[in-house]
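Colleague: I'm passing along structure00.pdb; it holds PDB, C-alpha atoms and all ligand atoms.
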```pdb
ATOM      1  CA  MET A  27      34.923 -36.631  -6.624
ATOM      2  CA  ARG A  28      36.800 -33.775  -5.062
ATOM      3  CA  VAL A  29      34.617 -31.041  -3.602
ATOM      4  CA  VAL A  30      36.141 -27.621  -3.986
ATOM      5  CA  ASN A  31      34.869 -24.834  -1.805
ATOM      6  CA  LEU A  32      34.909 -21.740  -3.924
ATOM      7  CA  GLY A  33      33.600 -19.457  -1.181
ATOM      8  CA  PRO A  34      31.034 -16.747  -1.933
ATOM      9  CA  ASP A  35      30.226 -16.079  -5.595
ATOM     10  CA  PRO A  36      33.119 -13.757  -6.567
ATOM     11  CA  SER A  37      31.017 -11.977  -9.189
ATOM     12  CA  LEU A  38      28.824 -10.572  -6.396
ATOM     13  CA  GLU A  39      31.689  -8.311  -5.414
ATOM     14  CA  TYR A  40      31.283  -6.381  -8.611
ATOM     15  CA  ARG A  41      27.466  -6.347  -8.551
ATOM     16  CA  PRO A  42      26.604  -4.848  -5.179
ATOM     17  CA  GLU A  43      23.014  -4.175  -6.369
ATOM     18  CA  CYS A  44      22.437  -7.947  -6.531
ATOM     19  CA  GLN A  45      23.218  -8.453  -2.866
ATOM     20  CA  GLU A  46      20.211  -8.792  -0.641
ATOM     21  CA  LYS A  47      19.268  -5.716   1.313
ATOM     22  CA  ASP A  48      19.158  -5.998   5.087
ATOM     23  CA  LYS A  49      15.689  -5.516   6.627
ATOM     24  CA  SER A  50      16.888  -2.492   8.581
ATOM     25  CA  GLU A  51      17.766  -0.731   5.340
ATOM     26  CA  PHE A  52      14.133  -0.467   4.186
ATOM     27  CA  ARG A  53      11.940   2.566   4.883
ATOM     28  CA  ASN A  54      14.783   4.939   5.590
ATOM     29  CA  PHE A  55      13.070   8.333   5.960
ATOM     30  CA  GLU A  56      16.176  10.122   7.190
ATOM     31  CA  SER A  57      18.643   9.928   4.353
ATOM     32  CA  GLY A  58      19.269   8.259   1.029
ATOM     33  CA  ALA A  59      19.288   9.024  -2.669
ATOM     34  CA  LEU A  60      15.512   9.531  -2.898
ATOM     35  CA  PHE A  61      15.111  11.581   0.274
ATOM     36  CA  ASP A  62      14.007  14.872  -1.309
ATOM     37  CA  ARG A  63      11.434  13.241  -3.571
ATOM     38  CA  VAL A  64       9.962  11.288  -0.654
ATOM     39  CA  PHE A  65       9.927  14.234   1.753
ATOM     40  CA  ASN A  66       8.259  16.562  -0.757
ATOM     41  CA  THR A  67       5.504  14.025  -1.451
ATOM     42  CA  TYR A  68       4.737  13.656   2.265
ATOM     43  CA  LYS A  69       4.933  17.401   2.841
ATOM     44  CA  LEU A  70       2.180  17.961   0.262
ATOM     45  CA  MET A  71       0.153  15.017   1.581
ATOM     46  CA  HIS A  72       0.316  16.142   5.193
ATOM     47  CA  THR A  73      -0.540  19.722   4.256
ATOM     48  CA  HIS A  74      -3.583  18.955   2.093
ATOM     49  CA  GLN A  75      -5.136  15.731   3.437
ATOM     50  CA  THR A  76      -7.867  17.152   5.667
ATOM     51  CA  LEU A  77     -11.228  15.693   6.749
ATOM     52  CA  ASP A  78     -13.015  17.791   4.110
ATOM     53  CA  PHE A  79     -10.584  16.753   1.394
ATOM     54  CA  VAL A  80     -11.095  13.059   2.166
ATOM     55  CA  LYS A  81     -14.898  13.404   2.117
ATOM     56  CA  GLN A  82     -14.622  15.083  -1.275
ATOM     57  CA  LYS A  83     -12.455  12.281  -2.694
ATOM     58  CA  HIS A  84     -14.943   9.650  -1.497
ATOM     59  CA  LEU A  85     -17.641  11.480  -3.476
ATOM     60  CA  GLU A  86     -15.429  11.616  -6.557
ATOM     61  CA  TRP A  87     -14.060   8.061  -6.621
ATOM     62  CA  ALA A  88     -16.161   5.661  -4.553
ATOM     63  CA  ASN A  89     -18.920   5.424  -7.192
ATOM     64  CA  CYS A  90     -16.509   3.730  -9.606
ATOM     65  CA  ASN A  91     -17.826   5.614 -12.625
ATOM     66  CA  HIS A  92     -14.517   6.784 -14.150
ATOM     67  CA  PHE A  93     -13.666   4.015 -16.643
ATOM     68  CA  SER A  94     -14.061   0.274 -17.302
ATOM     69  CA  VAL A  95     -11.068  -2.030 -17.907
ATOM     70  CA  THR A  96      -9.820  -5.461 -16.782
ATOM     71  CA  MET A  97      -7.589  -5.949 -13.744
ATOM     72  CA  MET A  98      -4.619  -6.982 -15.905
ATOM     73  CA  GLU A  99      -4.942  -3.836 -18.057
ATOM     74  CA  ASN A 100      -4.561  -1.718 -14.946
ATOM     75  CA  ILE A 101      -1.608  -3.751 -13.651
ATOM     76  CA  ASP A 102       0.045  -3.069 -17.019
ATOM     77  CA  ALA A 103      -0.860   0.618 -16.786
ATOM     78  CA  LEU A 104       1.349   0.799 -13.679
ATOM     79  CA  ASP A 105       4.319   0.529 -16.077
ATOM     80  CA  GLU A 106       3.824   4.305 -16.284
ATOM     81  CA  LEU A 107       3.940   4.977 -12.560
ATOM     82  CA  VAL A 108       6.959   5.432 -10.324
ATOM     83  CA  ASP A 109       5.780   5.975  -6.727
ATOM     84  CA  GLU A 110       7.349   9.189  -5.415
ATOM     85  CA  SER A 111       6.709   8.364  -1.755
ATOM     86  CA  ASP A 112       8.787   5.216  -1.738
ATOM     87  CA  PRO A 113      12.407   5.357  -0.558
ATOM     88  CA  ASP A 114      13.003   1.745  -1.678
ATOM     89  CA  VAL A 115      11.607   1.664  -5.189
ATOM     90  CA  ASP A 116      12.678   3.715  -8.184
ATOM     91  CA  PHE A 117      11.157   1.563 -10.946
ATOM     92  CA  PRO A 118       7.583   1.217 -12.253
ATOM     93  CA  ASN A 119       4.987  -0.138  -9.847
ATOM     94  CA  SER A 120       3.965  -3.014 -12.136
ATOM     95  CA  PHE A 121       7.190  -4.839 -11.230
ATOM     96  CA  HIS A 122       6.518  -4.386  -7.516
ATOM     97  CA  ALA A 123       3.110  -6.023  -8.068
ATOM     98  CA  PHE A 124       4.707  -9.219  -9.399
ATOM     99  CA  GLN A 125       7.531  -9.149  -6.835
ATOM    100  CA  THR A 126       5.031  -9.050  -3.978
ATOM    101  CA  ALA A 127       2.833 -11.759  -5.484
ATOM    102  CA  GLU A 128       5.780 -14.095  -6.135
ATOM    103  CA  GLY A 129       7.080 -13.620  -2.581
ATOM    104  CA  ILE A 130       3.686 -14.665  -1.221
ATOM    105  CA  ARG A 131       3.453 -17.570  -3.663
ATOM    106  CA  ARG A 132       6.786 -18.967  -2.398
ATOM    107  CA  GLU A 133       5.657 -18.987   1.256
ATOM    108  CA  HIS A 134       1.922 -19.538   0.785
ATOM    109  CA  PRO A 135       1.609 -21.829  -2.231
ATOM    110  CA  ASP A 136      -1.815 -23.010  -1.021
ATOM    111  CA  LYS A 137      -3.401 -19.532  -0.755
ATOM    112  CA  ASP A 138      -4.128 -18.343  -4.268
ATOM    113  CA  TRP A 139      -6.290 -15.432  -3.071
ATOM    114  CA  PHE A 140      -3.358 -14.157  -0.964
ATOM    115  CA  GLN A 141      -1.041 -14.281  -4.002
ATOM    116  CA  LEU A 142      -3.624 -12.343  -5.990
ATOM    117  CA  VAL A 143      -3.832  -9.703  -3.267
ATOM    118  CA  GLY A 144      -0.060  -9.361  -3.611
ATOM    119  CA  LEU A 145      -0.455  -8.707  -7.301
ATOM    120  CA  ILE A 146      -3.288  -6.184  -7.120
ATOM    121  CA  HIS A 147      -2.841  -4.414  -3.768
ATOM    122  CA  ASP A 148      -1.342  -1.238  -5.271
ATOM    123  CA  VAL A 149      -3.418  -1.043  -8.427
ATOM    124  CA  GLY A 150      -5.471   1.802  -6.947
ATOM    125  CA  LYS A 151      -2.463   3.947  -7.796
ATOM    126  CA  ILE A 152      -3.885   4.255 -11.309
ATOM    127  CA  MET A 153      -5.705   7.325  -9.904
ATOM    128  CA  ALA A 154      -2.387   9.099 -10.500
ATOM    129  CA  LEU A 155      -2.762   8.375 -14.228
ATOM    130  CA  TYR A 156      -6.212  10.008 -14.150
ATOM    131  CA  GLY A 157      -5.293  13.387 -12.769
ATOM    132  CA  GLU A 158      -4.806  12.853  -9.036
ATOM    133  CA  PRO A 159      -1.559  14.223  -7.596
ATOM    134  CA  GLN A 160       0.666  11.546  -6.046
ATOM    135  CA  TRP A 161       0.119  12.921  -2.534
ATOM    136  CA  ALA A 162      -3.556  11.870  -2.859
ATOM    137  CA  VAL A 163      -2.670   8.369  -4.121
ATOM    138  CA  VAL A 164       0.552   6.897  -2.706
ATOM    139  CA  GLY A 165       2.356   6.748   0.642
ATOM    140  CA  ASP A 166       1.447   5.680   4.158
ATOM    141  CA  THR A 167      -2.068   6.459   5.359
ATOM    142  CA  PHE A 168      -3.417   7.812   8.674
ATOM    143  CA  PRO A 169      -6.857   8.684  10.071
ATOM    144  CA  VAL A 170      -8.244  12.176   9.524
ATOM    145  CA  GLY A 171     -10.799  13.685  11.903
ATOM    146  CA  CYS A 172      -8.664  13.063  14.983
ATOM    147  CA  LYS A 173      -5.185  13.921  16.236
ATOM    148  CA  PHE A 174      -2.288  12.945  13.985
ATOM    149  CA  GLN A 175      -0.227  10.498  16.051
ATOM    150  CA  ASN A 176       3.539  10.678  16.427
ATOM    151  CA  SER A 177       4.368   7.543  14.458
ATOM    152  CA  ILE A 178       3.287   9.106  11.152
ATOM    153  CA  VAL A 179       6.397   9.599   9.000
ATOM    154  CA  PHE A 180       7.761  13.169   9.057
ATOM    155  CA  ARG A 181       5.168  13.950  11.768
ATOM    156  CA  ASP A 182       7.168  16.872  13.162
ATOM    157  CA  SER A 183       8.049  18.638   9.955
ATOM    158  CA  THR A 184       5.105  18.329   7.539
ATOM    159  CA  PHE A 185       1.757  19.103   9.208
ATOM    160  CA  GLU A 186       2.140  22.764  10.104
ATOM    161  CA  GLY A 187       0.144  23.893   7.047
ATOM    162  CA  ASN A 188      -2.737  21.449   7.654
ATOM    163  CA  PRO A 189      -5.789  23.374   8.952
ATOM    164  CA  ASP A 190      -7.105  20.301  10.864
ATOM    165  CA  GLU A 191      -3.983  20.408  13.022
ATOM    166  CA  LYS A 192      -5.283  23.670  14.537
ATOM    167  CA  ASN A 193      -8.948  22.637  14.777
ATOM    168  CA  PRO A 194      -9.777  21.954  18.467
ATOM    169  CA  THR A 195     -12.651  19.547  17.712
ATOM    170  CA  LEU A 196     -10.479  17.401  15.465
ATOM    171  CA  ASN A 197      -7.176  17.654  17.238
ATOM    172  CA  THR A 198      -7.971  15.308  20.165
ATOM    173  CA  GLU A 199      -7.295  11.626  20.805
ATOM    174  CA  PHE A 200     -10.754  10.595  19.496
ATOM    175  CA  GLY A 201     -11.709  13.660  17.447
ATOM    176  CA  ILE A 202     -15.012  12.910  15.675
ATOM    177  CA  TYR A 203     -14.910   9.188  16.544
ATOM    178  CA  GLU A 204     -16.204   6.979  19.379
ATOM    179  CA  PRO A 205     -13.837   4.791  21.410
ATOM    180  CA  GLN A 206     -13.334   1.350  19.781
ATOM    181  CA  CYS A 207     -15.642   2.292  16.902
ATOM    182  CA  GLY A 208     -13.671   0.133  14.458
ATOM    183  CA  LEU A 209     -11.490   1.084  11.500
ATOM    184  CA  ASP A 210     -14.424   0.548   9.146
ATOM    185  CA  LYS A 211     -15.928   3.769  10.551
ATOM    186  CA  ILE A 212     -12.717   5.803  10.294
ATOM    187  CA  LEU A 213     -11.953   8.103   7.388
ATOM    188  CA  MET A 214      -8.359   7.475   6.337
ATOM    189  CA  SER A 215      -6.217   9.926   4.364
ATOM    190  CA  TRP A 216      -7.268   9.365   0.743
ATOM    191  CA  GLY A 217      -5.141   6.963  -1.293
ATOM    192  CA  HIS A 218      -4.835   3.744  -3.251
ATOM    193  CA  ASP A 219      -5.831   1.428  -0.369
ATOM    194  CA  GLU A 220      -9.369   2.693   0.217
ATOM    195  CA  TYR A 221      -9.944   3.232  -3.478
ATOM    196  CA  LEU A 222      -9.119  -0.370  -4.451
ATOM    197  CA  TYR A 223     -11.174  -1.654  -1.516
ATOM    198  CA  ARG A 224     -14.138   0.295  -2.906
ATOM    199  CA  VAL A 225     -13.522  -1.017  -6.421
ATOM    200  CA  MET A 226     -13.454  -4.611  -5.117
ATOM    201  CA  LYS A 227     -16.736  -4.114  -3.258
ATOM    202  CA  PHE A 228     -18.434  -2.291  -6.115
ATOM    203  CA  ASN A 229     -17.547  -5.058  -8.578
ATOM    204  CA  LYS A 230     -18.499  -7.830  -6.128
ATOM    205  CA  CYS A 231     -15.086  -9.488  -6.306
ATOM    206  CA  THR A 232     -14.870 -12.671  -4.229
ATOM    207  CA  ILE A 233     -11.538 -12.152  -2.454
ATOM    208  CA  PRO A 234     -11.926 -13.323   1.194
ATOM    209  CA  GLU A 235     -12.368 -10.794   3.955
ATOM    210  CA  GLU A 236      -8.762 -11.078   5.162
ATOM    211  CA  GLY A 237      -7.606 -10.127   1.676
ATOM    212  CA  LEU A 238      -9.937  -7.150   1.457
ATOM    213  CA  TYR A 239      -8.602  -6.021   4.811
ATOM    214  CA  MET A 240      -4.988  -6.230   3.598
ATOM    215  CA  ILE A 241      -5.935  -4.159   0.569
ATOM    216  CA  ARG A 242      -7.680  -1.524   2.662
ATOM    217  CA  PHE A 243      -5.089  -1.051   5.426
ATOM    218  CA  HIS A 244      -1.705  -2.137   4.070
ATOM    219  CA  SER A 245      -0.407   1.475   4.036
ATOM    220  CA  PHE A 246      -1.556   2.177   7.605
ATOM    221  CA  TYR A 247       1.954   1.772   9.051
ATOM    222  CA  PRO A 248       1.235   3.858  12.186
ATOM    223  CA  TRP A 249      -1.222   1.084  13.105
ATOM    224  CA  HIS A 250       0.119  -2.221  11.764
ATOM    225  CA  SER A 251       3.801  -1.504  12.404
ATOM    226  CA  ASN A 252       3.813   1.080  15.200
ATOM    227  CA  GLY A 253       0.800   0.057  17.288
ATOM    228  CA  ASP A 254      -0.853   3.498  17.312
ATOM    229  CA  TYR A 255      -4.601   4.164  16.986
ATOM    230  CA  MET A 256      -5.516   1.048  18.997
ATOM    231  CA  HIS A 257      -8.144   3.124  20.874
ATOM    232  CA  LEU A 258     -10.193   3.268  17.667
ATOM    233  CA  CYS A 259     -10.001  -0.468  16.911
ATOM    234  CA  ASN A 260     -12.677  -3.064  17.621
ATOM    235  CA  GLU A 261     -12.397  -6.863  17.997
ATOM    236  CA  LYS A 262     -12.564  -7.394  14.276
ATOM    237  CA  ASP A 263      -9.614  -5.092  13.618
ATOM    238  CA  LEU A 264      -7.487  -6.954  16.153
ATOM    239  CA  GLN A 265      -8.412 -10.281  14.555
ATOM    240  CA  MET A 266      -7.356  -8.988  11.165
ATOM    241  CA  LEU A 267      -4.118  -7.326  12.285
ATOM    242  CA  PRO A 268      -1.953 -10.507  12.004
ATOM    243  CA  TRP A 269      -3.053 -10.878   8.385
ATOM    244  CA  VAL A 270      -2.114  -7.311   7.559
ATOM    245  CA  LYS A 271       1.270  -7.847   9.194
ATOM    246  CA  GLU A 272       1.836 -11.073   7.266
ATOM    247  CA  PHE A 273       1.051  -9.230   4.050
ATOM    248  CA  ASN A 274       3.399  -6.383   4.960
ATOM    249  CA  LYS A 275       6.427  -8.728   5.080
ATOM    250  CA  PHE A 276       6.066  -9.389   1.369
ATOM    251  CA  ASP A 277       4.938  -5.901   0.354
ATOM    252  CA  LEU A 278       8.061  -4.389   1.900
ATOM    253  CA  TYR A 279      10.875  -6.931   1.799
ATOM    254  CA  THR A 280      10.408  -8.216  -1.755
ATOM    255  CA  LYS A 281      11.323  -4.755  -3.096
ATOM    256  CA  SER A 282      14.478  -5.398  -5.112
ATOM    257  CA  THR A 283      16.221  -4.026  -8.177
ATOM    258  CA  GLU A 284      16.191  -7.547  -9.626
ATOM    259  CA  LEU A 285      13.061  -7.269 -11.757
ATOM    260  CA  PRO A 286      10.792 -10.268 -12.432
ATOM    261  CA  ASN A 287      10.054 -11.633 -15.904
ATOM    262  CA  VAL A 288       6.465 -10.464 -16.152
ATOM    263  CA  GLU A 289       5.632 -12.221 -19.424
ATOM    264  CA  SER A 290       6.375 -15.667 -18.028
ATOM    265  CA  LEU A 291       4.260 -15.023 -14.919
ATOM    266  CA  ARG A 292       1.264 -13.553 -16.697
ATOM    267  CA  PRO A 293      -0.706 -16.764 -17.496
ATOM    268  CA  TYR A 294      -0.677 -17.946 -13.868
ATOM    269  CA  TYR A 295      -1.855 -14.613 -12.484
ATOM    270  CA  GLN A 296      -4.459 -14.242 -15.213
ATOM    271  CA  SER A 297      -5.986 -17.477 -13.938
ATOM    272  CA  LEU A 298      -6.239 -16.007 -10.421
ATOM    273  CA  ILE A 299      -7.832 -12.841 -11.772
ATOM    274  CA  ASP A 300     -10.330 -14.974 -13.714
ATOM    275  CA  LYS A 301     -11.230 -16.747 -10.485
ATOM    276  CA  TYR A 302     -11.656 -13.772  -8.132
ATOM    277  CA  CYS A 303     -12.124 -10.563 -10.137
ATOM    278  CA  PRO A 304     -12.888 -11.538 -13.739
ATOM    279  CA  GLY A 305     -13.764  -9.525 -16.801
ATOM    280  CA  ILE A 306     -14.144  -5.809 -17.223
ATOM    281  CA  LEU A 307     -14.364  -3.978 -13.929
ATOM    282  CA  HIS A 308     -15.737  -0.530 -13.120
ATOM    283  CA  TRP A 309     -13.179   1.854 -11.672
TER     284      TRP A 309
HETATM  285  O1  LIG B   1       5.722   4.435  -0.322
HETATM  286  C1  LIG B   1       4.941   3.329  -0.058
HETATM  287  C2  LIG B   1       4.030   3.000  -1.203
HETATM  288  O2  LIG B   1       3.316   4.105  -1.652
HETATM  289  C3  LIG B   1       3.102   1.870  -0.863
HETATM  290  O3  LIG B   1       2.267   1.508  -1.918
HETATM  291  C4  LIG B   1       2.292   2.142   0.358
HETATM  292  O4  LIG B   1       1.416   1.076   0.575
HETATM  293  C5  LIG B   1       3.235   2.358   1.504
HETATM  294  O5  LIG B   1       2.558   2.533   2.690
HETATM  295  C6  LIG B   1       4.173   3.510   1.227
HETATM  296  O6  LIG B   1       5.064   3.634   2.251
HETATM  297 FE    FE B   2       0.577   0.316  -1.296
HETATM  298 FE    FE B   3       2.997  -2.267  -2.290
END
```
Could I get this structure in the form of structure tokens?
Ligand SMILES: O[C@H]1[C@H](O)[C@@H](O)[C@H](O)[C@@H](O)[C@H]1O
Ligand SMILES: [Fe+2]
Ligand SMILES: [Fe+2]

Modeller:
Amino acid sequence: MRVVNLGPDPSLEYRPECQEKDKSEFRNFESGALFDRVFNTYKLMHTHQTLDFVKQKHLEWANCNHFSVTMMENIDALDELVDESDPDVDFPNSFHAFQTAEGIRREHPDKDWFQLVGLIHDVGKIMALYGEPQWAVVGDTFPVGCKFQNSIVFRDSTFEGNPDEKNPTLNTEFGIYEPQCGLDKILMSWGHDEYLYRVMKFNKCTIPEEGLYMIRFHSFYPWHSNGDYMHLCNEKDLQMLPWVKEFNKFDLYTKSTELPNVESLRPYYQSLIDKYCPGILHW
């Protein structure tokens, strides 16, 4: 048989959106089609996320007394949410849930809990469907109660209206915290990470500790990707960091305009939900 080398798929030339994005093209906070939307979301977040605001949100949401639905119902609800902080995604968050989970499933076929974390990690964003503004739900997170470090996105242009920035007790390296106190004791800017962590705990879901950690800190880019805030970390945090980084690969680089066929994936992921966070949950 004669083997004919046809070269690269010629149809790709006319479908540039189907070509894989280079890693360096993700998280562009300097330019791009969605720049204004992203900047405005962070401007509001960095103006209004103060220590007092975060304490208030813990009181409002951490009791999980807002509504009761299954995990899959909330994944589906994310059909209604486009994340305004994300320069790489301009489609509903429900697709990103399945993209992340499938990426993990390909590389970690033996770790069903990890795949499930991929599916559910952003489901805390449903707060935006219950009245919270996006700046209190989405985007990267950072500690409040101490100095805002330089690796926070738009650090130089978005904090000038935040009263904590001018508060001398808060605006130091440690602020209200002790050295190496551990991230568990830190109040993070309020968003979908901490909220879902609280929901998982409240409902006694059985996802392993590494998974809960990924859920709780996956948006803390200044820490897991830039190495800041190490002076607040304890041994445990450093042990967990490689897991958060492993999760981040899939959370970020599976973002693609090629959308998954959700209906065909649903039965498999329902079985994982039934194993680790079954039935009606309190949110
Ligand atoms: O814009 C994204 C998005 O909101 C993600 O869900 C969050 O985890 C990321 O940290 C953020 O950069
Ligand atoms: Fe997220
Ligand atoms: Fe995500």

Colleague: Report the closest atom pair, with its distance in Å rounded to one decimal, for each residue of chain A that has an atom no farther than 10 Å from ligand FE 2 (chain B); count all atoms listed in the file, sort by chain and then rising residue number, and write it as a Markdown table.

Modeller:
```
| residue | atom | partner | partner_atom | distance |
| --- | --- | --- | --- | --- |
| A:Asp109 | CA | B:FE2 | FE | 9.4 |
| A:Asp112 | CA | B:FE2 | FE | 9.6 |
| A:Asn119 | CA | B:FE2 | FE | 9.6 |
| A:His122 | CA | B:FE2 | FE | 9.8 |
| A:Ala123 | CA | B:FE2 | FE | 9.6 |
| A:Gly144 | CA | B:FE2 | FE | 10.0 |
| A:Ile146 | CA | B:FE2 | FE | 9.5 |
| A:His147 | CA | B:FE2 | FE | 6.3 |
| A:Asp148 | CA | B:FE2 | FE | 4.7 |
| A:Val149 | CA | B:FE2 | FE | 8.3 |
| A:Gly150 | CA | B:FE2 | FE | 8.4 |
| A:Lys151 | CA | B:FE2 | FE | 8.0 |
| A:Val163 | CA | B:FE2 | FE | 9.1 |
| A:Val164 | CA | B:FE2 | FE | 6.7 |
| A:Gly165 | CA | B:FE2 | FE | 6.9 |
| A:Asp166 | CA | B:FE2 | FE | 7.7 |
| A:Thr167 | CA | B:FE2 | FE | 9.4 |
| A:Gly217 | CA | B:FE2 | FE | 8.8 |
| A:His218 | CA | B:FE2 | FE | 6.7 |
| A:Asp219 | CA | B:FE2 | FE | 6.6 |
| A:Met240 | CA | B:FE2 | FE | 9.9 |
| A:Ile241 | CA | B:FE2 | FE | 8.1 |
| A:Arg242 | CA | B:FE2 | FE | 9.3 |
| A:Phe243 | CA | B:FE2 | FE | 8.9 |
| A:His244 | CA | B:FE2 | FE | 6.3 |
| A:Ser245 | CA | B:FE2 | FE | 5.5 |
| A:Phe246 | CA | B:FE2 | FE | 9.3 |
| A:Asn274 | CA | B:FE2 | FE | 9.6 |
| A:Asp277 | CA | B:FE2 | FE | 7.8 |
| A:Leu278 | CA | B:FE2 | FE | 9.4 |
```

Colleague: Taking only C-alpha atoms and all ligand atoms into account, which of A:Tyr294, A:Phe124, A:Phe65, A:Phe140 comes nearest ligand FE 3 (chain B)?

Modeller: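 Once distances to ligand FE 3 (chain B) are computed over only C-alpha atoms and all ligand atoms, the minimum belongs to A:Phe124.
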
Colleague: Neighbouring residues of range 248-257 of chain A were defined as those with any atom within 7 Å, considering all atoms listed in the file; residues of the same chain fewer than 6 positions away were excluded. Please report them as number ranges by chain.

Modeller: A: 177-178, 205-206, 267, 270-271

Colleague: In terms of the shortest atom-to-atom distance over all atoms listed in the file, which of A:Phe200, A:Lys192, A:Val115, A:Lys211 is closest to ligand FE 3 (chain B)?

Modeller: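 Among the listed residues, the smallest separation from ligand FE 3 (chain B) belongs to A:Val115.
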
Colleague: Quick check, in Å to one decimal: how far apart do CA of Tyr247 in chain A and CA of Thr198 in chain A lie?

Modeller: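 Here the two named atoms are 20.1 Å from each other.
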
Colleague: Within 9 Å of (2.6, 3.5, -17.4) in the file's own coordinates, which protein, DNA or RNA residues have an atom, counting only C-alpha atoms? List them as a list in words.

Modeller: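 The requested residues, written out, are Asp102, Ala103, Leu104, Asp105, Glu106, Leu107, Val108, Pro118, Asn119, Ser120, Ile152 and Leu155 of chain A.
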
Colleague: Would you please work out which residue, of A:Gln125, A:Val95, A:Phe117, A:Met71, is nearest to Pro159 in chain A when using only C-alpha atoms?

Modeller: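 Looking only at the distances to Pro159 in chain A, the closest residue turns out to be A:Met71.
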
Colleague: Have a look at A:Glu186, A:Asp62, A:Glu110, A:Glu204 and name the one nearest to Gln160 in chain A; count all atoms listed in the file.

Modeller: A:Glu110

Colleague: Which residues match the PyMOL selection byres (((chain A and resi 69) around 9) and not hetatm) in the file above, as a VMD selection string?

Modeller: chain A and resid 64 to 68 70 to 74 161 180 183 to 185

Colleague: Adding 5 Å on each side of the box along x, y and z that holds all listed atoms of range 273-279 of chain A, could you give its centre and edge lengths in Å to one decimal, as AutoDock Vina command-line options?

Modeller:
```
--center_x 6.0 --center_y -6.9 --center_z 2.7 --size_x 19.8 --size_y 15.0 --size_z 14.7
```

Colleague: Distance CA of Ser111 in chain A-atom FE of ligand FE 3 (chain B), one decimal place?

Modeller: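 So the two atoms, CA of Ser111 in chain A and atom FE of ligand FE 3 (chain B), lie 11.3 Å apart.
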
Colleague: In Å, how far is it from CA of Glu128 in chain A to atom O6 of ligand LIG 1 (chain B)?

Modeller: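 The value is 19.6 Å.
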
Colleague: Between A:Leu145, A:Cys90, A:Lys137, A:Asn176, which is the closest to Lys227 in chain A once you count only C-alpha atoms?

Modeller: A:Cys90

Colleague: Which residues would end up in the selection if the PyMOL selection byres (((chain A and resi 52) around 12) and not hetatm) were applied here, given that I need the answer as a ChimeraX atom specification?

Modeller: /A:46-51,53-58,112-115,275,277-282

Colleague: Given the choices A:Glu284, A:Glu99, A:Glu235, A:Glu220, which gets closest to ligand LIG 1 (chain B) if the distance is worked out from all atoms listed in the file?

Modeller: A:Glu220

Colleague: Could you list the residues chosen by the PyMOL selection byres (((chain A and resi 302) around 12) and not hetatm) in this structure as a list in words?

Modeller: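 On this input, the PyMOL selection byres (((chain A and resi 302) around 12) and not hetatm) captures Met97, Asp138, Trp139, Phe140, Gln141, Leu142, Val143, Ile146, Met226, Lys227, Asn229, Lys230, Cys231, Thr232, Ile233, Pro234, Gly237, Leu238, Tyr295, Gln296, Ser297, Leu298, Ile299, Asp300, Lys301, Cys303, Pro304, Gly305 and Leu307 of chain A.
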